[in-house]
Every structure is written in structure tokens, then in C-alpha cells.
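So the structure is just underneath, and the comments pick up after that.
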Amino acid sequence: MPGPGAKFFAAVKKALGGLPFIAQDLGLITPDVSALRDQFGLPGTRVLQFGFDRHSDNPHLPDNYISNTVVYTGTHDNPPTREWYEEMPASQRNFLWRHLNRPEGRSIDAAPALIELAWSSAAALAIVPLQDVLSLGAEARMNVPGRVEGNWRWRCTEDMLTPTAFQWLHDLTKTSNRASFEFNTLPERQGERP
């Protein structure tokens, strides 16, 4: 259904002085939607899991990103990257590892590889679900679009939040120059130092 379009975004910009939005330009996007996004300089959304269909012009392939983009390994509607990798055809797996210039890895290697790819991309912002940081599989799926039952049941437990996972992410964030400030501490379990 058509919305208020440019009038809405102009009013918000006038009221806020900026537009703190990310355009979720996923699915069937018409040229008028892209034009509106670009008119107001809103960052578009890219999902790495959508990028490896072996088409070089795929907008979700990191080679095609512009800086005014937000990249995700996957969203709440996608399987965790480990599950995604386990279910993908062999030809797509081969394309993924060739794109990464790495020998073919195991399913447990897929999430860290996509996180590294997101962090090294031209996208201004990189976001990763906790399930991918922890390299979890199908047991940690958040949502299956169109399925009424069984969604939004996964929970993160305290014992899943090990310092090792966050140290790796901290180091990657520093080496990829994605940190504009220094982290003073890492997440800790009660009574435990990283």
C-alpha cells in the first residue's frame, strides 16, 4: 500500500534534523522505493546469506556494496549461518569459499567466515545475530516466516556467553578498524575474568 513517501521523510528530517533510519530494502523493491531511499540518503540493507547465488551482480555480494549500506550475516527471518551453510547446495558452498579465497571449510567455519566478510566490507555498519557470534545451528533459529507455531522460542543462556567468543569479535573489530573507541572490558561471567 502506498505510504506518505517523501512528505513523511521530509517532515521527520525537519523535526529531528536527521534521519536515524535503515531502509529494509529486501524482497521485491521497485525503482520508486530505491529512489526515495537515495533521495534521503538512507542506508540500504544487505544480507550476506543472500549473496552467494553465483551471480556477480547480486547486490548482497560484498563486491557490490556502497558505503551507505548496513550488512547483516542474516536476519531474524534467516536461519543461523551454520544452518544456512549446512542446507546450501554444494555449488554455492564452493562459490562461497572461492569468494573468500579459502579452502572449503566445515559448517562450524561458516559463521566466523561471514562475520569476517561483513566486518571487512565497504558497508558503513555491520550487524550480526548472536547465534552467528556463537556459531549455533538449527537449534537457535529465531523465526520461520509464514510458520505460526514454534517461533521466537530460542533463548541465550548465561553459560553461552563465554569470553572467548567476545574476545574474537573484539579482536576482529579492532583489526578491521570498525571500532571508533576502545572497549574497556569484555562481557564476563560472574566471578570470571576474560
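Labels for the C-alpha cells follow display order: chains A, B, ..., residues from 1 in each chain, ligands from 1.
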Which of segment 57-179 of chain A DSSP labels helix (DSSP H, G or I), written as number ranges by chain: A: 62-64, 81-87, 90-99, 107-120, 130-133, 138-140, 158-160, 163-175
In chain A, DSSP strand (DSSP E) residues written as a list in words: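 Secondary structure check on chain A, strand (DSSP E): Gly44, Thr45, Arg46, Val47, Thr69, Val70, Val71, Tyr72, Leu125, Ala126 and Ile127 of chain A.
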Could you save the residues just selected, with N, CA, C and O atoms, as a PDB file, in the first residue's frame?
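This is the output file selection-v1.pdb:
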```
ATOM      1  N   GLY A  44      20.860   1.353   2.832  1.00  0.00           N
ATOM      2  CA  GLY A  44      20.127   0.157   2.458  1.00  0.00           C
ATOM      3  C   GLY A  44      20.624  -1.047   3.235  1.00  0.00           C
ATOM      4  O   GLY A  44      21.644  -0.993   3.924  1.00  0.00           O
ATOM      5  N   THR A  45      19.897  -2.139   3.126  1.00  0.00           N
ATOM      6  CA  THR A  45      20.184  -3.364   3.857  1.00  0.00           C
ATOM      7  C   THR A  45      20.738  -4.420   2.919  1.00  0.00           C
ATOM      8  O   THR A  45      20.197  -4.644   1.845  1.00  0.00           O
ATOM      9  N   ARG A  46      21.800  -5.087   3.350  1.00  0.00           N
ATOM     10  CA  ARG A  46      22.365  -6.201   2.597  1.00  0.00           C
ATOM     11  C   ARG A  46      22.521  -7.390   3.542  1.00  0.00           C
ATOM     12  O   ARG A  46      22.918  -7.222   4.694  1.00  0.00           O
ATOM     13  N   VAL A  47      22.205  -8.567   3.032  1.00  0.00           N
ATOM     14  CA  VAL A  47      22.263  -9.793   3.836  1.00  0.00           C
ATOM     15  C   VAL A  47      23.206 -10.761   3.140  1.00  0.00           C
ATOM     16  O   VAL A  47      22.951 -11.192   2.016  1.00  0.00           O
ATOM     17  N   THR A  69      25.511   1.497   3.394  1.00  0.00           N
ATOM     18  CA  THR A  69      24.862   0.196   3.466  1.00  0.00           C
ATOM     19  C   THR A  69      25.056  -0.370   4.867  1.00  0.00           C
ATOM     20  O   THR A  69      26.072  -0.108   5.513  1.00  0.00           O
ATOM     21  N   VAL A  70      24.079  -1.158   5.312  1.00  0.00           N
ATOM     22  CA  VAL A  70      24.208  -1.925   6.551  1.00  0.00           C
ATOM     23  C   VAL A  70      24.213  -3.389   6.144  1.00  0.00           C
ATOM     24  O   VAL A  70      23.312  -3.843   5.437  1.00  0.00           O
ATOM     25  N   VAL A  71      25.225  -4.128   6.559  1.00  0.00           N
ATOM     26  CA  VAL A  71      25.335  -5.541   6.199  1.00  0.00           C
ATOM     27  C   VAL A  71      25.046  -6.403   7.422  1.00  0.00           C
ATOM     28  O   VAL A  71      25.461  -6.089   8.537  1.00  0.00           O
ATOM     29  N   TYR A  72      24.296  -7.462   7.181  1.00  0.00           N
ATOM     30  CA  TYR A  72      23.973  -8.466   8.186  1.00  0.00           C
ATOM     31  C   TYR A  72      24.462  -9.811   7.653  1.00  0.00           C
ATOM     32  O   TYR A  72      24.382 -10.055   6.452  1.00  0.00           O
ATOM     33  N   LEU A 125      28.017  -0.019   8.375  1.00  0.00           N
ATOM     34  CA  LEU A 125      27.655  -0.680   9.618  1.00  0.00           C
ATOM     35  C   LEU A 125      27.515  -2.174   9.364  1.00  0.00           C
ATOM     36  O   LEU A 125      26.962  -2.576   8.333  1.00  0.00           O
ATOM     37  N   ALA A 126      28.007  -2.987  10.275  1.00  0.00           N
ATOM     38  CA  ALA A 126      27.892  -4.445  10.177  1.00  0.00           C
ATOM     39  C   ALA A 126      27.215  -4.955  11.444  1.00  0.00           C
ATOM     40  O   ALA A 126      27.615  -4.598  12.551  1.00  0.00           O
ATOM     41  N   ILE A 127      26.177  -5.779  11.251  1.00  0.00           N
ATOM     42  CA  ILE A 127      25.403  -6.314  12.363  1.00  0.00           C
ATOM     43  C   ILE A 127      25.332  -7.829  12.214  1.00  0.00           C
ATOM     44  O   ILE A 127      25.119  -8.332  11.114  1.00  0.00           O
TER      45      ILE A 127
END
```
What are the nearest atom pairs, with distances in Å to one decimal, for all residues of segment 52-157 of chain A that come at most 8 Å from segment 166-174 of chain A, using only C-alpha atoms, set out by chain and rising residue number as a Markdown table?
```
| residue | atom | partner | partner_atom | distance |
| --- | --- | --- | --- | --- |
| A:Glu116 | CA | A:Leu172 | CA | 7.3 |
| A:Trp119 | CA | A:Thr173 | CA | 7.1 |
| A:Val133 | CA | A:Leu169 | CA | 7.7 |
```
Contacts of Asp132 of chain A at 12 Å (only C-alpha atoms; same-chain gap of 5+ positions) as an MDAnalysis selection string: chainID A and resid 49 72:76 78:85 107:116 118 127 137:138 140:142 165:166 169
Residue nearest Asp63 of chain A - candidates A:Ile29, A:Ala90, A:Ala15, A:Ala122, atoms counted: only C-alpha atoms: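 Going through A:Ile29, A:Ala90, A:Ala15, A:Ala122 one by one, the smallest distance to Asp63 of chain A is for A:Ala122.
We find atom CA of Asp77 of chain A and atom CA of Leu96 of chain A to be spaced 20.9 Å apart.
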Å distance separating atom CA of Thr30 of chain A from atom CA of Met1 of chain A, one decimal place: 12.8 Å
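Counting from atom CA of Glu149 of chain A, the distance to atom CA of Gln24 of chain A is 25.0 Å.
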